[in-house]
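Source file my_file-v1.pdb; content: PDB, C-alpha atoms, pLDDT in the B column.
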```pdb
MODEL        1
ATOM      1  CA  MET R 259      87.875 135.097 120.927  1.00 51.00           C
ATOM      2  CA  PRO R 260      87.566 133.658 117.405  1.00 52.00           C
ATOM      3  CA  ARG R 261      85.509 130.507 117.102  1.00 51.00           C
ATOM      4  CA  ASP R 262      87.416 127.233 116.601  1.00 50.00           C
ATOM      5  CA  THR R 263      86.566 125.993 113.133  1.00 46.00           C
ATOM      6  CA  SER R 264      89.196 123.231 112.887  1.00 45.00           C
ATOM      7  CA  LYS R 265      86.611 120.463 112.784  1.00 49.00           C
ATOM      8  CA  GLN R 266      84.612 122.299 110.149  1.00 52.00           C
ATOM      9  CA  THR R 267      87.627 122.764 107.893  1.00 69.00           C
ATOM     10  CA  GLU R 268      89.119 119.285 108.318  1.00 71.00           C
ATOM     11  CA  PRO R 269      88.948 117.365 105.022  1.00 81.00           C
ATOM     12  CA  ALA R 270      86.726 114.315 104.732  1.00 87.00           C
ATOM     13  CA  LEU R 271      88.326 110.990 105.607  1.00 87.00           C
ATOM     14  CA  THR R 272      87.724 109.603 102.124  1.00 88.00           C
ATOM     15  CA  ASP R 273      89.486 112.610 100.597  1.00 90.00           C
ATOM     16  CA  VAL R 274      92.493 112.145 102.892  1.00 90.00           C
ATOM     17  CA  ARG R 275      92.713 108.461 101.951  1.00 88.00           C
ATOM     18  CA  GLN R 276      92.581 109.270  98.255  1.00 88.00           C
ATOM     19  CA  SER R 277      95.262 111.920  98.664  1.00 91.00           C
ATOM     20  CA  LEU R 278      97.484 109.484 100.549  1.00 90.00           C
ATOM     21  CA  VAL R 279      97.169 106.818  97.855  1.00 86.00           C
ATOM     22  CA  ALA R 280      97.908 109.392  95.163  1.00 88.00           C
ATOM     23  CA  LEU R 281     101.059 110.579  96.947  1.00 90.00           C
ATOM     24  CA  ILE R 282     102.332 107.031  97.426  1.00 86.00           C
ATOM     25  CA  LYS R 283     101.665 106.165  93.791  1.00 82.00           C
ATOM     26  CA  GLN R 284     103.649 109.281  92.843  1.00 87.00           C
ATOM     27  CA  ALA R 285     106.494 107.958  95.038  1.00 85.00           C
ATOM     28  CA  ASP R 286     106.197 111.130  97.144  1.00 91.00           C
ATOM     29  CA  ARG R 287     107.339 109.819 100.517  1.00 92.00           C
ATOM     30  CA  ALA R 288     107.788 113.286 102.012  1.00 93.00           C
ATOM     31  CA  GLY R 289     104.327 114.383 100.906  1.00 95.00           C
ATOM     32  CA  ALA R 290     102.695 111.250 102.307  1.00 92.00           C
ATOM     33  CA  ASN R 291     104.478 111.699 105.633  1.00 93.00           C
ATOM     34  CA  ALA R 292     103.439 115.341 105.834  1.00 94.00           C
ATOM     35  CA  LEU R 293      99.812 114.425 105.207  1.00 93.00           C
ATOM     36  CA  LEU R 294      99.847 111.693 107.863  1.00 92.00           C
ATOM     37  CA  ASP R 295     101.677 113.852 110.391  1.00 92.00           C
ATOM     38  CA  ALA R 296      99.092 116.595 110.000  1.00 91.00           C
ATOM     39  CA  TRP R 297      96.263 114.124 110.527  1.00 89.00           C
ATOM     40  CA  ALA R 298      98.033 112.512 113.487  1.00 89.00           C
ATOM     41  CA  ALA R 299      98.383 115.912 115.138  1.00 89.00           C
ATOM     42  CA  ARG R 300      94.582 115.916 115.477  1.00 90.00           C
ATOM     43  CA  HIS R 301      93.868 112.231 116.065  1.00 87.00           C
ATOM     44  CA  GLY R 302      97.086 110.455 117.109  1.00 84.00           C
ATOM     45  CA  TYR R 303      99.317 107.937 115.323  1.00 79.00           C
ATOM     46  CA  GLU R 304      97.314 104.904 116.414  1.00 75.00           C
ATOM     47  CA  GLU R 305      94.328 106.255 114.516  1.00 82.00           C
ATOM     48  CA  VAL R 306      96.570 106.983 111.530  1.00 85.00           C
ATOM     49  CA  PHE R 307      97.155 103.257 111.167  1.00 79.00           C
ATOM     50  CA  LYS R 308      93.571 102.200 111.795  1.00 77.00           C
ATOM     51  CA  VAL R 309      91.673 104.586 109.549  1.00 86.00           C
ATOM     52  CA  LEU R 310      94.216 105.897 107.021  1.00 86.00           C
ATOM     53  CA  LEU R 311      97.345 103.863 106.477  1.00 81.00           C
ATOM     54  CA  GLU R 312      96.006 100.311 106.628  1.00 76.00           C
ATOM     55  CA  PRO R 313      93.083 100.928 104.220  1.00 77.00           C
ATOM     56  CA  ALA R 314      95.402 102.798 101.854  1.00 76.00           C
ATOM     57  CA  LEU R 315      97.996 100.017 101.884  1.00 72.00           C
ATOM     58  CA  ILE R 316      95.380  97.355 101.279  1.00 66.00           C
ATOM     59  CA  GLY R 317      94.061  99.329  98.314  1.00 66.00           C
ATOM     60  CA  ILE R 318      97.535  99.829  96.889  1.00 67.00           C
ATOM     61  CA  GLY R 319      98.380  96.162  97.305  1.00 61.00           C
ATOM     62  CA  GLU R 320      95.247  95.137  95.431  1.00 58.00           C
ATOM     63  CA  SER R 321      95.903  97.586  92.581  1.00 60.00           C
ATOM     64  CA  ILE R 322      99.558  96.718  91.951  1.00 54.00           C
ATOM     65  CA  THR R 323      99.580  94.579  88.806  1.00 47.00           C
ATOM     66  CA  GLY R 324     103.000  95.162  87.286  1.00 47.00           C
ATOM     67  CA  GLU R 325     102.642  98.780  86.231  1.00 53.00           C
ATOM     68  CA  LYS R 326     105.725 100.843  85.315  1.00 45.00           C
ATOM     69  CA  HIS R 327     106.196 102.301  88.792  1.00 48.00           C
ATOM     70  CA  THR R 328     105.168  99.254  90.812  1.00 59.00           C
ATOM     71  CA  LEU R 329     108.521  98.866  92.582  1.00 62.00           C
ATOM     72  CA  ALA R 330     108.672 102.551  93.477  1.00 71.00           C
ATOM     73  CA  GLN R 331     105.126 102.454  94.825  1.00 75.00           C
ATOM     74  CA  ALA R 332     105.818  99.380  96.935  1.00 70.00           C
ATOM     75  CA  TYR R 333     109.044 100.876  98.264  1.00 76.00           C
ATOM     76  CA  VAL R 334     107.457 104.204  99.193  1.00 82.00           C
ATOM     77  CA  ALA R 335     104.438 102.521 100.796  1.00 80.00           C
ATOM     78  CA  ALA R 336     106.729 100.391 102.960  1.00 76.00           C
ATOM     79  CA  LYS R 337     108.884 103.353 103.916  1.00 83.00           C
ATOM     80  CA  VAL R 338     105.874 105.499 104.819  1.00 86.00           C
ATOM     81  CA  ALA R 339     104.631 102.722 107.112  1.00 81.00           C
ATOM     82  CA  GLU R 340     108.082 102.463 108.700  1.00 79.00           C
ATOM     83  CA  ASP R 341     108.184 106.236 109.188  1.00 84.00           C
ATOM     84  CA  MET R 342     104.804 106.226 110.915  1.00 83.00           C
ATOM     85  CA  LEU R 343     105.766 103.301 113.138  1.00 76.00           C
ATOM     86  CA  THR R 344     108.939 105.108 114.169  1.00 75.00           C
ATOM     87  CA  ARG R 345     106.940 108.186 115.095  1.00 79.00           C
ATOM     88  CA  ALA R 346     104.361 106.118 116.965  1.00 73.00           C
ATOM     89  CA  VAL R 347     106.869 104.225 119.103  1.00 66.00           C
ATOM     90  CA  ASN R 348     108.741 107.437 119.900  1.00 69.00           C
ATOM     91  CA  GLN R 349     105.684 109.215 121.262  1.00 69.00           C
ATOM     92  CA  PRO R 350     105.818 110.073 124.993  1.00 62.00           C
ATOM     93  CA  GLY R 351     104.704 107.042 126.984  1.00 56.00           C
ATOM     94  CA  ALA R 352     104.706 104.753 123.952  1.00 51.00           C
ATOM     95  CA  ASN R 353     107.359 102.496 125.493  1.00 49.00           C
ATOM     96  CA  ALA R 354     105.902 102.437 128.992  1.00 44.00           C
ATOM     97  CA  TYR R 355     104.717  98.891 128.369  1.00 45.00           C
ATOM     98  CA  ALA R 356     107.354  97.890 125.830  1.00 52.00           C
ATOM     99  CA  GLU R 357     107.468  94.198 125.077  1.00 59.00           C
ATOM    100  CA  PRO R 358     110.709  92.257 125.634  1.00 69.00           C
ATOM    101  CA  GLU R 359     112.958  91.592 122.677  1.00 84.00           C
ATOM    102  CA  LYS R 360     111.906  88.473 120.796  1.00 91.00           C
ATOM    103  CA  GLY R 361     113.708  85.880 118.721  1.00 94.00           C
ATOM    104  CA  PRO R 362     114.813  85.714 115.083  1.00 97.00           C
ATOM    105  CA  VAL R 363     112.379  84.990 112.249  1.00 98.00           C
ATOM    106  CA  VAL R 364     112.869  84.619 108.511  1.00 98.00           C
ATOM    107  CA  LEU R 365     110.718  86.311 105.875  1.00 98.00           C
ATOM    108  CA  GLY R 366     110.640  86.183 102.096  1.00 98.00           C
ATOM    109  CA  ASN R 367     108.463  85.941  99.022  1.00 97.00           C
ATOM    110  CA  ALA R 368     107.850  82.474  97.657  1.00 97.00           C
ATOM    111  CA  GLU R 369     109.902  81.367  94.682  1.00 97.00           C
ATOM    112  CA  GLY R 370     108.651  83.193  91.585  1.00 95.00           C
ATOM    113  CA  ASP R 371     106.821  85.893  93.583  1.00 94.00           C
ATOM    114  CA  PHE R 372     107.916  89.542  93.313  1.00 89.00           C
ATOM    115  CA  HIS R 373     105.083  91.366  95.160  1.00 84.00           C
ATOM    116  CA  ALA R 374     107.136  92.879  97.971  1.00 82.00           C
ATOM    117  CA  LEU R 375     104.675  95.289  99.579  1.00 77.00           C
ATOM    118  CA  GLY R 376     102.883  92.853 101.887  1.00 80.00           C
ATOM    119  CA  ARG R 377     106.104  91.236 103.060  1.00 89.00           C
ATOM    120  CA  ARG R 378     107.670  94.610 103.834  1.00 84.00           C
ATOM    121  CA  MET R 379     104.613  95.643 105.839  1.00 80.00           C
ATOM    122  CA  VAL R 380     104.794  92.474 107.918  1.00 88.00           C
ATOM    123  CA  ALA R 381     108.531  92.946 108.464  1.00 89.00           C
ATOM    124  CA  THR R 382     107.893  96.481 109.705  1.00 82.00           C
ATOM    125  CA  MET R 383     105.238  95.356 112.172  1.00 83.00           C
ATOM    126  CA  LEU R 384     107.331  92.448 113.465  1.00 91.00           C
ATOM    127  CA  ARG R 385     110.341  94.678 114.067  1.00 89.00           C
ATOM    128  CA  SER R 386     108.150  97.153 115.935  1.00 81.00           C
ATOM    129  CA  LYS R 387     107.181  94.311 118.300  1.00 86.00           C
ATOM    130  CA  GLY R 388     110.755  93.264 119.012  1.00 90.00           C
ATOM    131  CA  TRP R 389     111.315  90.456 116.506  1.00 95.00           C
ATOM    132  CA  LEU R 390     114.701  90.156 114.797  1.00 96.00           C
ATOM    133  CA  VAL R 391     113.664  89.897 111.155  1.00 97.00           C
ATOM    134  CA  HIS R 392     115.882  88.348 108.479  1.00 97.00           C
ATOM    135  CA  ASP R 393     114.243  89.483 105.229  1.00 98.00           C
ATOM    136  CA  LEU R 394     115.404  87.429 102.242  1.00 98.00           C
ATOM    137  CA  GLY R 395     113.487  89.502  99.691  1.00 96.00           C
ATOM    138  CA  ASN R 396     111.684  88.247  96.596  1.00 96.00           C
ATOM    139  CA  ASP R 397     111.821  84.943  94.720  1.00 97.00           C
ATOM    140  CA  VAL R 398     113.347  82.838  97.509  1.00 98.00           C
ATOM    141  CA  PRO R 399     113.985  79.111  96.868  1.00 98.00           C
ATOM    142  CA  PRO R 400     112.757  76.682  99.557  1.00 98.00           C
ATOM    143  CA  GLU R 401     116.217  75.559 100.589  1.00 98.00           C
ATOM    144  CA  GLU R 402     117.323  79.173 101.152  1.00 98.00           C
ATOM    145  CA  PHE R 403     114.475  79.749 103.591  1.00 98.00           C
ATOM    146  CA  VAL R 404     115.432  76.688 105.614  1.00 98.00           C
ATOM    147  CA  ASP R 405     119.187  77.294 105.478  1.00 98.00           C
ATOM    148  CA  GLN R 406     118.734  80.851 106.774  1.00 98.00           C
ATOM    149  CA  ALA R 407     116.373  79.739 109.530  1.00 98.00           C
ATOM    150  CA  LEU R 408     118.835  77.103 110.710  1.00 98.00           C
ATOM    151  CA  ALA R 409     121.738  79.547 110.561  1.00 98.00           C
ATOM    152  CA  THR R 410     119.957  82.221 112.612  1.00 97.00           C
ATOM    153  CA  GLY R 411     118.056  80.016 115.049  1.00 97.00           C
ATOM    154  CA  ALA R 412     114.665  81.096 113.688  1.00 98.00           C
ATOM    155  CA  ARG R 413     111.688  78.984 114.702  1.00 98.00           C
ATOM    156  CA  VAL R 414     109.243  80.647 112.297  1.00 98.00           C
ATOM    157  CA  ILE R 415     109.498  81.182 108.545  1.00 98.00           C
ATOM    158  CA  GLY R 416     107.094  83.673 106.960  1.00 98.00           C
ATOM    159  CA  VAL R 417     106.345  83.261 103.257  1.00 98.00           C
ATOM    160  CA  SER R 418     104.385  85.734 101.143  1.00 96.00           C
ATOM    161  CA  ALA R 419     102.623  84.828  97.891  1.00 95.00           C
ATOM    162  CA  MET R 420     100.230  87.002  95.915  1.00 89.00           C
ATOM    163  CA  THR R 421      98.910  84.531  93.344  1.00 91.00           C
ATOM    164  CA  MET R 422      97.628  80.975  93.358  1.00 93.00           C
ATOM    165  CA  THR R 423     100.578  79.852  91.240  1.00 94.00           C
ATOM    166  CA  THR R 424     103.246  81.130  93.618  1.00 95.00           C
ATOM    167  CA  ALA R 425     101.246  80.009  96.650  1.00 96.00           C
ATOM    168  CA  GLN R 426     101.236  76.461  95.330  1.00 95.00           C
ATOM    169  CA  GLY R 427     105.022  76.673  95.221  1.00 95.00           C
ATOM    170  CA  ILE R 428     105.032  76.827  99.028  1.00 97.00           C
ATOM    171  CA  ARG R 429     104.391  73.072  98.952  1.00 97.00           C
ATOM    172  CA  ALA R 430     108.070  72.632  98.064  1.00 98.00           C
ATOM    173  CA  LEU R 431     109.079  74.534 101.203  1.00 98.00           C
ATOM    174  CA  ARG R 432     106.781  72.345 103.294  1.00 98.00           C
ATOM    175  CA  GLN R 433     108.446  69.294 101.777  1.00 98.00           C
ATOM    176  CA  GLU R 434     111.900  70.742 102.459  1.00 98.00           C
ATOM    177  CA  LEU R 435     111.054  71.202 106.146  1.00 98.00           C
ATOM    178  CA  ASP R 436     109.600  67.712 106.440  1.00 97.00           C
ATOM    179  CA  THR R 437     112.529  66.091 104.616  1.00 97.00           C
ATOM    180  CA  ARG R 438     115.002  67.708 107.001  1.00 97.00           C
ATOM    181  CA  GLY R 439     113.058  66.501 110.026  1.00 95.00           C
ATOM    182  CA  LEU R 440     111.950  69.988 111.051  1.00 96.00           C
ATOM    183  CA  THR R 441     108.206  69.382 111.072  1.00 96.00           C
ATOM    184  CA  GLY R 442     106.651  71.247 113.987  1.00 95.00           C
ATOM    185  CA  ARG R 443     109.946  72.545 115.298  1.00 95.00           C
ATOM    186  CA  MET R 444     110.148  75.079 112.468  1.00 97.00           C
ATOM    187  CA  GLN R 445     106.758  76.686 111.884  1.00 98.00           C
ATOM    188  CA  LEU R 446     105.556  78.020 108.532  1.00 98.00           C
ATOM    189  CA  ALA R 447     103.521  81.247 108.398  1.00 98.00           C
ATOM    190  CA  VAL R 448     101.998  82.053 105.010  1.00 98.00           C
ATOM    191  CA  GLY R 449     100.333  85.203 103.755  1.00 95.00           C
ATOM    192  CA  GLY R 450      99.255  87.238 100.761  1.00 90.00           C
ATOM    193  CA  ALA R 451      96.070  88.248  99.015  1.00 83.00           C
ATOM    194  CA  VAL R 452      95.276  84.782  97.695  1.00 90.00           C
ATOM    195  CA  PHE R 453      95.063  83.337 101.229  1.00 92.00           C
ATOM    196  CA  LEU R 454      92.360  85.854 102.137  1.00 85.00           C
ATOM    197  CA  VAL R 455      90.054  84.751  99.328  1.00 87.00           C
ATOM    198  CA  MET R 456      90.761  81.000  99.260  1.00 90.00           C
ATOM    199  CA  PRO R 457      89.577  79.235 102.435  1.00 83.00           C
ATOM    200  CA  GLY R 458      91.612  76.128 103.111  1.00 94.00           C
ATOM    201  CA  LEU R 459      94.606  77.213 101.043  1.00 96.00           C
ATOM    202  CA  VAL R 460      96.819  77.533 104.123  1.00 97.00           C
ATOM    203  CA  GLU R 461      96.429  73.847 104.924  1.00 96.00           C
ATOM    204  CA  GLU R 462      96.561  72.879 101.252  1.00 97.00           C
ATOM    205  CA  VAL R 463     100.064  74.289 100.777  1.00 97.00           C
ATOM    206  CA  GLY R 464     101.297  73.071 104.162  1.00 97.00           C
ATOM    207  CA  GLY R 465     101.211  76.307 106.154  1.00 97.00           C
ATOM    208  CA  ASP R 466     100.867  76.354 109.932  1.00 97.00           C
ATOM    209  CA  GLY R 467      98.931  79.621 110.048  1.00 97.00           C
ATOM    210  CA  THR R 468      98.186  82.974 108.430  1.00 96.00           C
ATOM    211  CA  ALA R 469      97.212  86.510 109.455  1.00 93.00           C
ATOM    212  CA  SER R 470      94.480  88.633 107.902  1.00 83.00           C
ATOM    213  CA  ASN R 471      96.669  91.750 107.825  1.00 79.00           C
ATOM    214  CA  MET R 472     100.015  93.115 108.961  1.00 78.00           C
ATOM    215  CA  PHE R 473      98.614  94.171 112.335  1.00 78.00           C
ATOM    216  CA  ALA R 474      97.712  90.571 113.140  1.00 87.00           C
ATOM    217  CA  ALA R 475     101.102  89.207 112.055  1.00 92.00           C
ATOM    218  CA  PRO R 476     102.951  89.676 115.389  1.00 92.00           C
ATOM    219  CA  GLY R 477     100.295  87.654 117.208  1.00 94.00           C
ATOM    220  CA  LEU R 478     100.545  84.881 114.626  1.00 97.00           C
ATOM    221  CA  PHE R 479     104.322  84.710 114.896  1.00 98.00           C
ATOM    222  CA  GLU R 480     104.098  84.596 118.692  1.00 97.00           C
ATOM    223  CA  ARG R 481     101.657  81.667 118.541  1.00 97.00           C
ATOM    224  CA  LEU R 482     103.794  79.781 116.046  1.00 98.00           C
ATOM    225  CA  TRP R 483     106.940  80.394 118.094  1.00 98.00           C
ATOM    226  CA  GLN R 484     105.241  78.864 121.121  1.00 97.00           C
ATOM    227  CA  ALA R 485     104.036  75.941 118.989  1.00 97.00           C
ATOM    228  CA  SER R 486     107.638  75.352 117.907  1.00 97.00           C
ATOM    229  CA  LEU R 487     108.810  75.257 121.524  1.00 96.00           C
ATOM    230  CA  GLN R 488     106.074  72.767 122.410  1.00 94.00           C
ATOM    231  CA  ALA R 489     106.946  70.548 119.437  1.00 92.00           C
ATOM    232  CA  GLU R 490     110.613  70.569 120.434  1.00 86.00           C
ATOM    233  CA  THR R 491     109.706  69.521 123.971  1.00 85.00           C
ATOM    234  CA  ILE R 492     107.597  66.638 122.689  1.00 82.00           C
ATOM    235  CA  HIS R 493     110.420  65.380 120.425  1.00 70.00           C
ATOM    236  CA  ALA R 494     113.162  65.871 123.004  1.00 65.00           C
TER     237      ALA R 494
ENDMDL
END
```

Transcribe the structure of this file into structure tokens.
Amino acid sequence: MPRDTSKQTEPALTDVRQSLVALIKQADRAGANALLDAWAARHGYEEVFKVLLEPALIGIGESITGEKHTLAQAYVAAKVAEDMLTRAVNQPGANAYAEPEKGPVVLGNAEGDFHALGRRMVATMLRSKGWLVHDLGNDVPPEEFVDQALATGARVIGVSAMTMTTAQGIRALRQELDTRGLTGRMQLAVGGAVFLVMPGLVEEVGGDGTASNMFAAPGLFERLWQASLQAETIHA
């Protein structure tokens, strides 16, 4: 019988990552999916996220600075992540321990912020864990966040901001919540690159918590949801 040389011919991990980033930057969704599917056939979709997709997305997010194809890159990156999540949850046995459906949450980019990639990644992960996500998109005024949360029964608002300037604008949302008497009962999750490099910024802008990446976001939203329930009980 011929000797199995699959491991010998498999491309290096760094080469696969570079190829994935290149395909996403070319807005080649089909090509990126094909590459990830081929890798998952050897290693599984869970490993796709851990060692390929997450590092690639982080790199893309850091490199997006308003280039000509920024919106296309962000869109394709988000769609590729959604495609992989769909495949992962549809694998045999993937739903054996499926979590119960969770409540509504509101997401959006802070007013003046147009970096959609991170927000879309978080929305994808939250939906995969059963959350009903109301995504308001980019450049969302504070009052729109709160109005939507009240209308849908959301206990957690997630706000994304890439820069220090737009992150500081989250203060206005904090003030809006406090003015309407929603302190504690409506929790504020904040995220974006600037929060990873600026210790203390979460508290400075009035956030109730943050997550280091999209994979940690569902746990954060669960904790904040429970904190909202506790605050409501105390004020009842």

Hits of the PyMOL selection byres ((chain R and resi 356-370) around 8) in this structure, as a ChimeraX atom specification: /R:352-355,371-374,377,381,387-400,403,406-407,410-419,424-425,427-428

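For the file at hand, the PyMOL selection byres ((chain R and resi 448) around 7) resolves to Gly416, Val417, Ser418, Leu446, Ala447, Gly449, Val460, Gly465, Gly467 and Thr468 of chain R.
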
Ref. answer, residues at most 9 Å from (105.5, 102.0, 109.6) with only C-alpha atoms, as a VMD selection string: chain R and resid 307 311 335 to 346 379 382 to 383 386

Resolved residues for the PyMOL selection byres ((chain R and resi 310) around 12) as a ChimeraX atom specification: /R:270-279,290-291,293-295,297-298,301-309,311-317,338-339,342

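One distance worth recording is that between atom CA of Asp466 of chain R and atom CA of Leu431 of chain R, which is 12.1 Å.
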
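Of the listed residues (R:Gly458, R:Gly464, R:Gly439, R:Gly450), R:Gly450 comes nearest to Arg378 of chain R; the distances count only C-alpha atoms.
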
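Rounded to one decimal, atom CA of Leu408 of chain R and atom CA of Leu478 of chain R lie 20.3 Å from each other.
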
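Between atom CA of Val380 of chain R and atom CA of Ala475 of chain R the separation is 6.4 Å.
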
Please, what is the axis-aligned box for every listed atom of segment 433-439 of chain R with 4 Å on each side, as centre and edge lengths in Å to one decimal, as lines of an AutoDock Vina configuration file?
```
center_x = 111.7
center_y = 68.6
center_z = 105.9
size_x = 14.6
size_y = 13.1
size_z = 16.2
```
